[in-house]
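Colleague: Enclosed is the structure file input.txt (compact mmCIF, C-alpha atoms and all ligand atoms).
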# COMPACT_ATOMS: atom_id res chain seq x y z
CA MET A 1 220.89 -155.01 -101.42
CA TYR A 2 222.22 -152.00 -103.29
CA ARG A 3 223.05 -152.86 -106.87
CA ALA A 4 226.29 -152.12 -108.71
CA PRO A 5 226.21 -150.75 -112.25
CA SER A 6 227.47 -153.43 -114.66
CA PRO A 7 230.90 -153.00 -116.29
CA ASP A 8 229.14 -152.63 -119.65
CA THR A 9 227.00 -149.80 -118.37
CA ILE A 10 230.01 -148.09 -116.82
CA LEU A 11 232.08 -148.36 -120.01
CA ASN A 12 229.31 -147.37 -122.41
CA ASN A 13 228.29 -144.40 -120.31
CA TYR A 14 231.91 -143.36 -120.04
CA ASP A 15 232.35 -143.45 -123.81
CA SER A 16 229.45 -141.15 -124.33
CA ALA A 17 230.57 -138.84 -121.51
CA ARG A 18 234.02 -138.68 -123.08
CA GLU A 19 232.45 -137.40 -126.32
CA THR A 20 230.41 -134.82 -124.49
CA TYR A 21 233.45 -133.44 -122.67
CA LEU A 22 235.45 -133.43 -125.90
CA MET A 23 233.01 -130.85 -127.26
CA PHE A 24 234.47 -128.56 -124.61
CA GLY A 25 238.03 -129.61 -125.37
CA VAL A 26 238.33 -131.69 -122.19
CA ASP A 27 240.18 -135.00 -122.37
CA THR A 28 238.52 -137.22 -119.76
CA ASP A 29 241.18 -139.94 -120.10
CA LYS A 30 243.76 -137.41 -118.99
CA VAL A 31 241.51 -136.26 -116.16
CA LEU A 32 241.28 -139.84 -114.89
CA LYS A 33 245.05 -140.12 -114.98
CA ASP A 34 245.63 -136.76 -113.31
CA LEU A 35 243.16 -137.56 -110.55
CA THR A 36 245.13 -140.62 -109.48
CA GLU A 37 248.08 -138.29 -108.82
CA ILE A 38 246.19 -136.18 -106.29
CA PRO A 39 246.19 -137.63 -102.80
CA VAL A 40 243.78 -136.77 -100.03
CA SER A 41 245.00 -137.08 -96.46
CA LEU A 42 242.55 -139.24 -94.52
CA HIS A 43 242.34 -138.15 -90.89
CA CYS A 44 242.64 -141.11 -88.53
CA TRP A 45 240.57 -139.31 -85.87
CA GLN A 46 237.21 -139.85 -87.61
CA GLY A 47 237.59 -143.54 -86.73
CA ASP A 48 237.38 -143.11 -82.96
CA ASP A 49 235.81 -139.68 -82.37
CA VAL A 50 239.23 -138.07 -81.65
CA THR A 51 239.66 -140.22 -78.53
CA GLY A 52 243.19 -141.53 -79.10
CA PHE A 53 245.05 -144.32 -77.31
CA GLU A 54 246.13 -142.62 -74.11
CA GLY A 55 243.37 -144.14 -72.02
CA GLN A 56 240.92 -141.25 -72.22
CA GLU A 57 237.25 -142.12 -72.55
CA GLU A 58 236.62 -139.34 -75.02
CA LEU A 59 237.88 -136.13 -76.60
CA SER A 60 238.08 -133.35 -74.02
CA GLY A 61 238.86 -129.66 -74.16
CA GLY A 62 240.19 -127.79 -77.11
CA GLY A 63 236.79 -126.40 -78.01
CA ILE A 64 236.06 -129.24 -80.42
CA ILE A 65 233.36 -131.86 -79.93
CA ALA A 66 232.41 -135.20 -81.46
CA THR A 67 228.73 -135.96 -80.92
CA GLY A 68 226.84 -139.23 -81.32
CA ASN A 69 227.12 -142.76 -79.98
CA TYR A 70 226.91 -145.03 -83.00
CA PRO A 71 228.31 -148.45 -82.09
CA GLY A 72 231.58 -149.87 -83.39
CA ARG A 73 234.16 -147.21 -82.58
CA ALA A 74 237.79 -148.36 -83.01
CA ARG A 75 239.46 -148.71 -79.59
CA ASN A 76 243.09 -149.39 -80.46
CA GLY A 77 245.61 -149.26 -83.28
CA GLU A 78 244.70 -152.65 -84.73
CA GLU A 79 241.03 -151.74 -84.97
CA LEU A 80 241.68 -148.26 -86.30
CA ARG A 81 244.08 -149.52 -88.98
CA SER A 82 241.65 -152.25 -89.95
CA ASP A 83 238.89 -149.65 -90.36
CA ILE A 84 241.13 -147.40 -92.44
CA ASP A 85 242.12 -150.37 -94.64
CA PHE A 86 238.47 -151.12 -95.11
CA ALA A 87 237.66 -147.49 -95.95
CA PHE A 88 240.48 -147.42 -98.51
CA ASP A 89 238.95 -150.45 -100.23
CA LEU A 90 235.93 -148.25 -100.93
CA ILE A 91 237.77 -145.08 -101.94
CA PRO A 92 239.31 -144.78 -105.42
CA GLY A 93 242.93 -143.61 -105.73
CA LYS A 94 246.01 -143.72 -103.54
CA HIS A 95 245.86 -141.57 -100.47
CA ARG A 96 247.62 -140.53 -97.28
CA VAL A 97 246.82 -141.03 -93.61
CA ASN A 98 246.89 -138.20 -91.12
CA LEU A 99 247.82 -139.09 -87.53
CA HIS A 100 247.63 -137.14 -84.29
CA ALA A 101 250.20 -137.52 -81.52
CA LEU A 102 247.57 -138.99 -79.22
CA TYR A 103 247.50 -142.08 -81.43
CA ALA A 104 250.93 -143.17 -80.19
CA GLU A 105 251.22 -146.85 -79.22
CA THR A 106 253.48 -147.07 -76.21
CA GLY A 107 252.76 -150.71 -75.35
CA GLY A 108 251.10 -149.81 -72.06
CA VAL A 109 254.07 -147.74 -70.88
CA LYS A 110 252.95 -144.30 -69.69
CA THR A 111 254.73 -141.91 -72.00
CA GLU A 112 254.22 -138.19 -71.68
CA ARG A 113 253.57 -136.21 -74.82
CA ASP A 114 256.89 -134.44 -74.52
CA GLU A 115 258.66 -137.81 -74.50
CA LEU A 116 257.15 -139.20 -77.66
CA SER A 117 259.42 -140.39 -80.43
CA LEU A 118 259.29 -142.27 -83.71
CA GLU A 119 259.41 -145.67 -81.99
CA HIS A 120 255.97 -145.01 -80.47
CA PHE A 121 254.59 -144.93 -83.99
CA SER A 122 256.42 -147.97 -85.32
CA LYS A 123 253.20 -149.93 -85.78
CA TRP A 124 251.76 -147.11 -87.86
CA LEU A 125 254.99 -146.83 -89.81
CA ASN A 126 255.22 -150.55 -90.55
CA TRP A 127 251.60 -150.61 -91.63
CA ALA A 128 252.17 -147.57 -93.87
CA LYS A 129 255.17 -149.22 -95.50
CA GLU A 130 253.27 -152.44 -96.05
CA LYS A 131 250.30 -150.64 -97.59
CA LYS A 132 252.48 -148.15 -99.48
CA ILE A 133 250.77 -145.14 -98.01
CA THR A 134 252.37 -141.98 -96.71
CA LEU A 135 251.72 -140.36 -93.36
CA ASP A 136 250.98 -136.87 -92.14
CA PHE A 137 251.12 -135.79 -88.53
CA ASN A 138 249.80 -133.39 -85.87
CA PRO A 139 250.95 -132.53 -82.37
CA SER A 140 247.99 -132.85 -79.94
CA PHE A 141 247.33 -129.86 -77.69
CA PHE A 142 244.00 -131.01 -76.20
CA SER A 143 242.56 -133.86 -74.09
CA HIS A 144 245.34 -133.32 -71.57
CA PRO A 145 245.60 -131.87 -68.02
CA MET A 146 248.30 -129.44 -69.18
CA ALA A 147 245.72 -127.93 -71.56
CA ASP A 148 243.00 -127.54 -68.92
CA SER A 149 243.57 -123.80 -68.52
CA GLY A 150 242.64 -123.33 -72.18
CA PHE A 151 246.17 -122.12 -72.94
CA THR A 152 249.13 -124.13 -74.23
CA LEU A 153 251.83 -122.44 -76.35
CA ALA A 154 250.45 -119.01 -75.42
CA SER A 155 250.16 -119.79 -71.73
CA PRO A 156 251.61 -117.19 -69.34
CA ASN A 157 252.83 -120.14 -67.25
CA LYS A 158 256.33 -121.07 -68.40
CA LYS A 159 256.05 -124.63 -67.13
CA ILE A 160 252.96 -125.26 -69.25
CA ARG A 161 254.40 -123.48 -72.25
CA ASP A 162 257.67 -125.36 -72.11
CA PHE A 163 255.89 -128.69 -71.86
CA TRP A 164 253.99 -127.97 -75.05
CA ILE A 165 257.06 -126.59 -76.82
CA ARG A 166 258.84 -129.86 -76.05
CA HIS A 167 255.81 -131.76 -77.35
CA ALA A 168 255.76 -129.77 -80.59
CA LYS A 169 259.49 -130.29 -81.10
CA ALA A 170 259.16 -134.02 -80.50
CA CYS A 171 256.35 -134.12 -83.06
CA ARG A 172 258.46 -132.39 -85.70
CA ASP A 173 261.11 -135.08 -85.26
CA ILE A 174 258.50 -137.83 -85.52
CA ALA A 175 257.02 -136.27 -88.64
CA ALA A 176 260.45 -135.87 -90.24
CA GLY A 177 261.05 -139.53 -89.37
CA PHE A 178 257.88 -140.50 -91.23
CA GLY A 179 259.03 -138.46 -94.20
CA ARG A 180 262.46 -140.06 -94.23
CA GLU A 181 261.16 -143.59 -93.80
CA LEU A 182 258.38 -143.27 -96.36
CA GLY A 183 260.27 -141.16 -98.89
CA LYS A 184 257.69 -138.37 -99.16
CA PRO A 185 257.42 -135.19 -97.11
CA CYS A 186 255.18 -135.50 -94.08
CA VAL A 187 252.88 -132.55 -93.42
CA ASN A 188 253.07 -131.73 -89.72
CA ASN A 189 250.21 -129.41 -88.85
CA LEU A 190 250.09 -127.40 -85.66
CA TRP A 191 246.79 -126.28 -84.22
CA ILE A 192 246.38 -125.05 -80.65
CA PRO A 193 243.09 -124.27 -78.90
CA ASP A 194 244.36 -121.25 -76.94
CA GLY A 195 241.75 -118.60 -76.36
CA SER A 196 239.20 -117.29 -73.92
CA LYS A 197 235.49 -117.58 -73.38
CA ASP A 198 234.97 -113.97 -72.57
CA LEU A 199 236.45 -110.65 -73.49
CA PRO A 200 240.15 -110.53 -72.74
CA ALA A 201 241.70 -107.29 -71.57
CA ASP A 202 244.96 -108.19 -73.25
CA ARG A 203 244.89 -109.67 -76.74
CA MET A 204 248.45 -108.69 -77.47
CA ASN A 205 250.62 -110.48 -74.94
CA PRO A 206 249.35 -114.03 -75.59
CA ARG A 207 250.05 -113.44 -79.28
CA ARG A 208 253.57 -112.26 -78.54
CA THR A 209 254.04 -115.33 -76.38
CA LEU A 210 252.71 -117.61 -79.12
CA LYS A 211 255.12 -116.09 -81.61
CA GLU A 212 258.02 -116.76 -79.28
CA SER A 213 256.93 -120.34 -78.61
CA LEU A 214 256.59 -121.00 -82.33
CA ASP A 215 259.99 -119.52 -83.07
CA GLU A 216 261.49 -121.89 -80.56
CA ILE A 217 259.63 -124.86 -82.05
CA TYR A 218 260.68 -124.09 -85.62
CA GLU A 219 264.22 -123.05 -84.74
CA LYS A 220 265.65 -126.41 -85.74
CA LYS A 221 265.89 -126.61 -89.51
CA LEU A 222 264.64 -129.89 -90.90
CA ASP A 223 264.78 -130.89 -94.55
CA GLU A 224 261.66 -129.98 -96.54
CA LYS A 225 262.21 -133.20 -98.42
CA TYR A 226 260.89 -134.96 -95.33
CA LEU A 227 258.93 -132.43 -93.35
CA LEU A 228 256.49 -129.68 -94.25
CA ASP A 229 255.47 -127.63 -91.22
CA SER A 230 252.09 -125.93 -91.22
CA VAL A 231 250.08 -123.76 -88.83
CA GLU A 232 246.27 -123.69 -88.57
CA CYS A 233 244.25 -120.65 -87.57
CA LYS A 234 240.79 -120.49 -86.06
CA LEU A 235 238.09 -117.91 -85.40
CA PHE A 236 236.52 -119.35 -82.27
CA GLY A 237 235.89 -122.61 -80.42
CA ILE A 238 233.54 -123.82 -77.70
CA GLY A 239 234.89 -122.04 -74.64
CA SER A 240 237.00 -119.65 -76.71
CA GLU A 241 234.19 -117.62 -78.24
CA ALA A 242 235.58 -114.17 -77.51
CA TYR A 243 239.20 -114.66 -78.43
CA VAL A 244 241.47 -117.14 -80.18
CA VAL A 245 245.16 -116.36 -79.98
CA GLY A 246 246.07 -118.09 -83.25
CA SER A 247 243.77 -116.13 -85.52
CA HIS A 248 243.88 -115.98 -89.32
CA GLU A 249 245.86 -112.75 -89.46
CA PHE A 250 248.28 -114.02 -86.84
CA TYR A 251 249.15 -117.20 -88.71
CA LEU A 252 249.04 -115.61 -92.16
CA ALA A 253 251.71 -113.19 -91.02
CA TYR A 254 253.62 -115.88 -89.16
CA ALA A 255 253.61 -118.35 -92.04
CA LEU A 256 254.64 -115.73 -94.56
CA SER A 257 257.45 -114.31 -92.46
CA ARG A 258 258.84 -117.75 -91.51
CA ASN A 259 258.26 -119.62 -94.80
CA ILE A 260 255.97 -122.09 -93.08
CA MET A 261 252.86 -123.53 -94.70
CA LEU A 262 249.49 -122.06 -93.81
CA CYS A 263 246.51 -124.31 -93.12
CA LEU A 264 242.99 -123.13 -93.91
CA ASP A 265 240.18 -125.15 -92.33
CA THR A 266 236.77 -124.64 -93.94
CA GLY A 267 235.10 -124.45 -90.51
CA HIS A 268 237.42 -121.86 -89.02
CA PHE A 269 235.95 -118.68 -90.39
CA HIS A 270 232.68 -116.78 -90.11
CA PRO A 271 229.82 -119.13 -91.05
CA THR A 272 229.16 -117.41 -94.38
CA GLU A 273 232.84 -116.93 -95.21
CA SER A 274 234.29 -119.26 -97.83
CA ILE A 275 237.94 -120.26 -97.96
CA ALA A 276 237.78 -120.75 -101.75
CA ASP A 277 238.53 -117.10 -102.46
CA LYS A 278 241.50 -117.15 -100.08
CA ILE A 279 243.38 -119.79 -102.06
CA SER A 280 244.59 -117.56 -104.89
CA SER A 281 245.42 -114.78 -102.44
CA VAL A 282 247.66 -117.09 -100.45
CA LEU A 283 249.25 -118.64 -103.54
CA VAL A 284 250.34 -115.24 -104.83
CA PHE A 285 252.70 -115.06 -101.84
CA MET A 286 253.33 -118.68 -100.86
CA ASN A 287 254.00 -121.78 -102.90
CA LYS A 288 252.35 -124.22 -100.48
CA LEU A 289 249.04 -124.42 -98.69
CA LEU A 290 247.28 -127.02 -96.58
CA LEU A 291 243.49 -127.32 -96.68
CA HIS A 292 241.47 -128.93 -93.90
CA VAL A 293 238.28 -129.75 -95.73
CA SER A 294 235.41 -129.97 -93.28
CA ARG A 295 231.73 -128.94 -93.14
CA GLY A 296 230.53 -126.55 -90.52
CA VAL A 297 226.79 -126.49 -89.94
CA ARG A 298 226.03 -123.16 -88.25
CA TRP A 299 229.39 -123.37 -86.45
CA ASP A 300 232.65 -125.33 -86.76
CA SER A 301 230.72 -128.55 -86.19
CA ASP A 302 232.99 -130.81 -88.28
CA HIS A 303 230.17 -132.55 -90.14
CA VAL A 304 231.04 -135.09 -92.83
CA VAL A 305 232.21 -133.43 -96.05
CA LEU A 306 229.73 -133.46 -98.93
CA LEU A 307 229.90 -132.42 -102.56
CA ASP A 308 228.40 -129.02 -101.77
CA ASP A 309 229.02 -125.58 -103.26
CA GLU A 310 231.84 -124.81 -100.83
CA VAL A 311 233.80 -127.97 -101.56
CA ARG A 312 233.22 -127.61 -105.30
CA SER A 313 234.44 -124.04 -105.33
CA ILE A 314 237.52 -124.91 -103.27
CA ALA A 315 238.63 -127.54 -105.80
CA GLN A 316 237.70 -125.19 -108.65
CA GLU A 317 239.85 -122.42 -107.21
CA VAL A 318 242.83 -124.73 -106.79
CA LYS A 319 242.49 -125.69 -110.46
CA ARG A 320 241.97 -122.15 -111.71
CA ALA A 321 244.98 -120.94 -109.71
CA GLY A 322 247.13 -123.74 -111.14
CA GLY A 323 247.65 -124.96 -107.59
CA PHE A 324 247.43 -128.75 -107.65
CA ASP A 325 251.16 -129.10 -107.04
CA LYS A 326 251.10 -126.56 -104.21
CA VAL A 327 247.96 -127.42 -102.29
CA HIS A 328 247.68 -130.35 -99.91
CA PHE A 329 244.16 -131.67 -99.40
CA ALA A 330 243.38 -133.05 -95.95
CA LEU A 331 240.08 -133.96 -94.38
CA ASP A 332 239.01 -132.85 -90.91
CA PHE A 333 235.61 -133.96 -89.67
CA PHE A 334 234.34 -136.26 -86.96
CA ASP A 335 230.83 -137.60 -86.74
CA ALA A 336 230.07 -140.23 -84.10
CA SER A 337 226.39 -140.48 -85.00
CA ILE A 338 226.79 -142.68 -88.08
CA ASN A 339 229.03 -145.58 -89.04
CA ARG A 340 232.50 -144.08 -88.85
CA VAL A 341 233.80 -145.85 -91.95
CA THR A 342 230.74 -144.68 -93.86
CA ALA A 343 231.62 -141.14 -92.76
CA TRP A 344 235.17 -141.47 -94.10
CA VAL A 345 234.00 -142.93 -97.39
CA ILE A 346 231.30 -140.30 -97.97
CA GLY A 347 233.67 -137.43 -97.17
CA THR A 348 236.65 -138.67 -99.16
CA ARG A 349 234.61 -139.64 -102.19
CA ALA A 350 232.89 -136.25 -102.06
CA LEU A 351 236.18 -134.37 -102.04
CA LEU A 352 237.53 -136.53 -104.86
CA LYS A 353 234.40 -135.83 -106.88
CA ALA A 354 234.94 -132.11 -106.34
CA ILE A 355 238.55 -132.42 -107.52
CA MET A 356 237.40 -134.45 -110.54
CA LEU A 357 234.81 -131.81 -111.40
CA ALA A 358 237.51 -129.16 -111.23
CA LEU A 359 239.75 -131.19 -113.52
CA LEU A 360 236.84 -131.63 -115.92
CA GLU A 361 236.34 -127.88 -116.17
CA PRO A 362 237.46 -126.31 -119.48
CA THR A 363 239.12 -123.56 -117.48
CA ASP A 364 241.00 -122.12 -120.46
CA MET A 365 237.74 -121.71 -122.34
CA LEU A 366 236.24 -119.78 -119.42
CA LYS A 367 239.34 -117.63 -119.05
CA SER A 368 239.41 -116.88 -122.76
CA GLU A 369 235.81 -115.59 -122.68
CA GLU A 370 236.85 -113.51 -119.73
CA GLU A 371 239.85 -112.08 -121.59
CA LYS A 372 237.59 -111.22 -124.52
CA GLY A 373 235.26 -109.47 -122.12
CA ASN A 374 232.38 -111.75 -123.06
CA PHE A 375 231.00 -112.26 -119.57
CA GLY A 376 227.68 -113.51 -120.93
CA ASN A 377 229.44 -116.46 -122.56
CA ARG A 378 231.51 -117.04 -119.43
CA LEU A 379 228.37 -117.21 -117.29
CA ALA A 380 226.47 -119.36 -119.79
CA LEU A 381 229.35 -121.87 -119.98
CA MET A 382 229.70 -122.07 -116.21
CA GLU A 383 225.99 -122.88 -116.04
CA GLU A 384 226.13 -125.37 -118.91
CA LEU A 385 229.02 -127.30 -117.34
CA LYS A 386 226.93 -128.14 -114.31
CA SER A 387 224.80 -130.58 -116.26
CA LEU A 388 227.55 -132.47 -118.07
CA PRO A 389 227.69 -136.22 -117.27
CA PHE A 390 230.47 -136.17 -114.68
CA GLY A 391 228.85 -139.09 -112.83
CA SER A 392 229.82 -141.38 -115.71
CA VAL A 393 233.44 -140.26 -115.45
CA TRP A 394 233.32 -140.84 -111.68
CA TYR A 395 232.01 -144.39 -112.17
CA LYS A 396 234.86 -145.05 -114.58
CA PHE A 397 237.36 -143.74 -112.04
CA CYS A 398 235.97 -146.12 -109.43
CA TYR A 399 235.94 -148.97 -111.93
CA ASP A 400 239.57 -148.34 -112.97
CA ASN A 401 240.60 -148.25 -109.32
CA ARG A 402 238.69 -151.45 -108.51
CA VAL A 403 236.38 -149.96 -105.92
CA PRO A 404 232.57 -150.04 -105.97
CA ALA A 405 231.23 -147.44 -108.39
CA GLY A 406 227.65 -147.04 -107.22
CA SER A 407 226.03 -147.24 -103.81
CA ASP A 408 226.77 -150.95 -103.56
CA TRP A 409 229.65 -150.10 -101.21
CA LEU A 410 226.93 -149.81 -98.57
CA ASN A 411 226.43 -153.59 -98.74
CA LYS A 412 230.08 -154.02 -97.81
CA ILE A 413 229.73 -151.61 -94.91
CA GLU A 414 226.80 -153.59 -93.60
CA GLU A 415 228.78 -156.79 -93.74
CA TYR A 416 231.78 -155.19 -92.02
CA GLU A 417 229.51 -153.79 -89.31
CA ASN A 418 227.98 -157.16 -88.61
CA THR A 419 231.18 -159.16 -88.70
CA VAL A 420 233.69 -156.69 -87.23
CA MET A 421 232.43 -153.40 -85.83
CA TYR A 422 229.44 -154.61 -83.82
CA MET A 423 231.63 -157.27 -82.20
CA ARG A 424 233.49 -154.49 -80.37
CA LYS A 425 231.70 -154.30 -77.05
C1 LIG B 1 240.25 -127.91 -84.62
C2 LIG B 1 241.12 -128.06 -85.83
C3 LIG B 1 242.05 -129.23 -85.82
C4 LIG B 1 241.42 -130.48 -85.29
C5 LIG B 1 242.22 -131.74 -85.52
C6 LIG B 1 241.78 -132.84 -84.62
O1 LIG B 1 239.27 -126.98 -84.76
O2 LIG B 1 240.33 -128.07 -86.98
O3 LIG B 1 242.59 -129.39 -87.08
O4 LIG B 1 240.16 -130.70 -85.82
O5 LIG B 1 243.55 -131.47 -85.42
ZN ZN B 2 241.32 -128.50 -88.84
Go ahead and express the file in the form of structure tokens.
Modeller:
Amino acid sequence: MYRAPSPDTILNNYDSARETYLMFGVDTDKVLKDLTEIPVSLHCWQGDDVTGFEGQEELSGGGIIATGNYPGRARNGEELRSDIDFAFDLIPGKHRVNLHALYAETGGVKTERDELSLEHFSKWLNWAKEKKITLDFNPSFFSHPMADSGFTLASPNKKIRDFWIRHAKACRDIAAGFGRELGKPCVNNLWIPDGSKDLPADRMNPRRTLKESLDEIYEKKLDEKYLLDSVECKLFGIGSEAYVVGSHEFYLAYALSRNIMLCLDTGHFHPTESIADKISSVLVFMNKLLLHVSRGVRWDSDHVVLLDDEVRSIAQEVKRAGGFDKVHFALDFFDASINRVTAWVIGTRALLKAIMLALLEPTDMLKSEEEKGNFGNRLALMEELKSLPFGSVWYKFCYDNRVPAGSDWLNKIEEYENTVMYMRK
């Protein structure tokens, strides 16, 4: 059994950590309060390896892959919601849930993706209301015969294109419905896999076509109070190594010219390229940004998010750019080789730790050394901050939010596996 730290230990350690941070002018009580105000959007698709409820056996096409065959995958809405509920019991704070269109529940009635409407998500909506969580959404342009050519919104075939345009429009209405019903804007993120395996002779026309399709999709004005549209770029995918229509430059220009939110996914750039430095660049021109926090290992492999340098610097940059009210944090990874709830909990807790670390940074102190031109002090402070007792503040955050502070949450996972997940055969 993994042991929990006692409340006394948590509180005593927190008191001493509070003093340590005060030496740097950081009020940890305020940090704990501010952190509860920052939601992370938990992606439903980690729970079933991006399979969805349309009857497919597994994720197909789109250039994305979930690998592994750990037992206990959720097979329907009830199981997936139960797993998310369970994950939330192990994650401090109040968060959001991110759905994909292929998680519609049509009660066994074959419903094409261009016919989907809010009623097909009523079980999700009722659950969200009951649990007081808000929903985000995504149209699904993969795992579908109409996406087999590798092209959807940029397809030269009008029939294919129009099908996907109708799907995207339907999804905007569903997302706006979520926003209206739940009283908070729903982020509706559009990502398409369109691209080609080998060198295209024409890179221009598919991009023109994509622009036209998008203009048609976003033509209808919907209230930003309920719906925040975003577009997600990519560098390459499996099967689209040579060319992706919706590249970074394409969507940066599109988002800026149409006042639509940009989405940056940590796995969608060159392997050594970090998205942290892009945050302030984007925020100079736009007042909203969606982040898909993921972990690419050698490629866009969507490994479980960890508290690594990339994730730490992303949160740090949001803080330093004063962007917490502009940036939406969402997770995007899928690992089928370990317990899927464990994956969610590791990734979400890691991102929250990164955000906490950013909040704990005496950013003004660093900036003031910078203004004075004392770069030695700036560097020394940055190095010093790394060894401050943030773990004690994290334990207090977990304690305040009534979730396990230490690794004892693993005992709960084991019990849930044995009583619930392994029963799914
Ligand atoms: C794919 C994109 C996209 C998907 C999800 C399922 O490379 O990152 O966001 O992972 O929509
Ligand atoms: Zn993504």
Colleague: Once you count all atoms listed in the file, which residues end up within 6 Å of ligand LIG 1 (chain B), and could you hand them over as a PyMOL selection string?
Modeller: chain A and resi 64+191+332
Colleague: Would you pick out the contacts of Leu210 of chain A at 10 Å or less, using all atoms listed in the file, so that residues sharing its chain but fewer than 3 positions from it are not included, and give the list as a list of chain:residue names?
Modeller: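 Within the cut-off, the hits are A:Thr152, A:Leu153, A:Ala154, A:Ser155, A:Pro156, A:Arg161, A:Ile192, A:Asp194, A:Asn205, A:Pro206, A:Arg207, A:Ser213, A:Leu214, A:Asp215, A:Glu216, A:Val245, A:Gly246, A:Phe250.
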Colleague: Expressed in Å to a single decimal, how great is the separation between atom CA of Val393 of chain A and atom CA of Tyr14 of chain A?
Modeller: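 Computing it gives 5.7 Å between the two atoms.
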Colleague: Find the distance between atom CA of Lys288 of chain A and atom CA of Ala354 of chain A and write it in Å to one decimal.
Modeller: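 Pair atom CA of Lys288 of chain A / atom CA of Ala354 of chain A returns 20.0 Å.
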Colleague: Once you count all atoms listed in the file, what closest atom pair and distance in Å to one decimal does each residue of chain A within 9 Å of ligand ZN 2 (chain B) have, with rows by chain and rising residue number, as a tab-separated table?
Modeller:
residue	atom	partner	partner_atom	distance
A:Asn189	CA	B:ZN2	ZN	8.9
A:Trp191	CA	B:ZN2	ZN	7.5
A:Glu232	CA	B:ZN2	ZN	6.9
A:Cys233	CA	B:ZN2	ZN	8.5
A:Lys234	CA	B:ZN2	ZN	8.5
A:Cys263	CA	B:ZN2	ZN	7.9
A:Leu264	CA	B:ZN2	ZN	7.6
A:Asp265	CA	B:ZN2	ZN	5.0
A:Thr266	CA	B:ZN2	ZN	7.8
A:Gly267	CA	B:ZN2	ZN	7.6
A:His268	CA	B:ZN2	ZN	7.7
A:Leu291	CA	B:ZN2	ZN	8.2
A:His292	CA	B:ZN2	ZN	5.1
A:Val293	CA	B:ZN2	ZN	7.6
A:Ser294	CA	B:ZN2	ZN	7.5
A:Asp302	CA	B:ZN2	ZN	8.7
A:Ala330	CA	B:ZN2	ZN	8.7
A:Leu331	CA	B:ZN2	ZN	7.9
A:Asp332	CA	B:ZN2	ZN	5.3
A:Phe333	CA	B:ZN2	ZN	7.9
Colleague: Using all atoms listed in the file, which of the listed residues (A:His303, A:Lys372, A:Lys326, A:Lys132) sits closest to Leu289 of chain A?
Modeller: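 Counting all atoms listed in the file, the residue closest to Leu289 of chain A is A:Lys326.
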Colleague: So, with only C-alpha atoms as the atoms that count, which of A:Gly376, A:Asn339, A:Met421, A:His248 lies closest to Glu79 of chain A?
Modeller: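 Smallest separation from Glu79 of chain A among the options: A:Met421.
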Colleague: May I ask which of the residues A:Pro139, A:Thr36, A:Asp49, A:Asp364 is the closest one to Asn69 of chain A, counting all atoms listed in the file?
Modeller: A:Asp49
Colleague: Tell me, in Å to one decimal, how far atom CA of Gly68 of chain A is from atom CA of Ala350 of chain A.
Modeller: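 For atom CA of Gly68 of chain A relative to atom CA of Ala350 of chain A, the distance reads 21.8 Å.
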Colleague: For a quick check of understanding, using only C-alpha atoms, which of A:Val284, A:Arg402, A:Asp300, A:Glu54 has the smallest distance to Lys94 of chain A?
Modeller: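 Among A:Val284, A:Arg402, A:Asp300, A:Glu54, it is A:Arg402 that comes nearest to Lys94 of chain A.
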Colleague: Taking all atoms listed in the file into account, which of A:Asn418, A:Ser143, A:Asn374, A:Gln46 comes nearest Phe334 of chain A?
Modeller: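 The answer is A:Gln46, which sits nearest to Phe334 of chain A.
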Colleague: Out of A:Asn138, A:Leu307, A:Thr363, A:Leu290, which residue has the shortest atom-to-atom distance to Ile346 of chain A when counting all atoms listed in the file?
Modeller: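 Using all atoms listed in the file, the shortest distance to Ile346 of chain A belongs to A:Leu307.
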Colleague: Near Gly108 of chain A, counting all atoms listed in the file, which residues have an atom at most 12 Å away, once you skip same-chain residues fewer than 2 positions from it, shown as a ChimeraX atom specification?
Modeller: /A:53-55,76,104-106,110-111,120
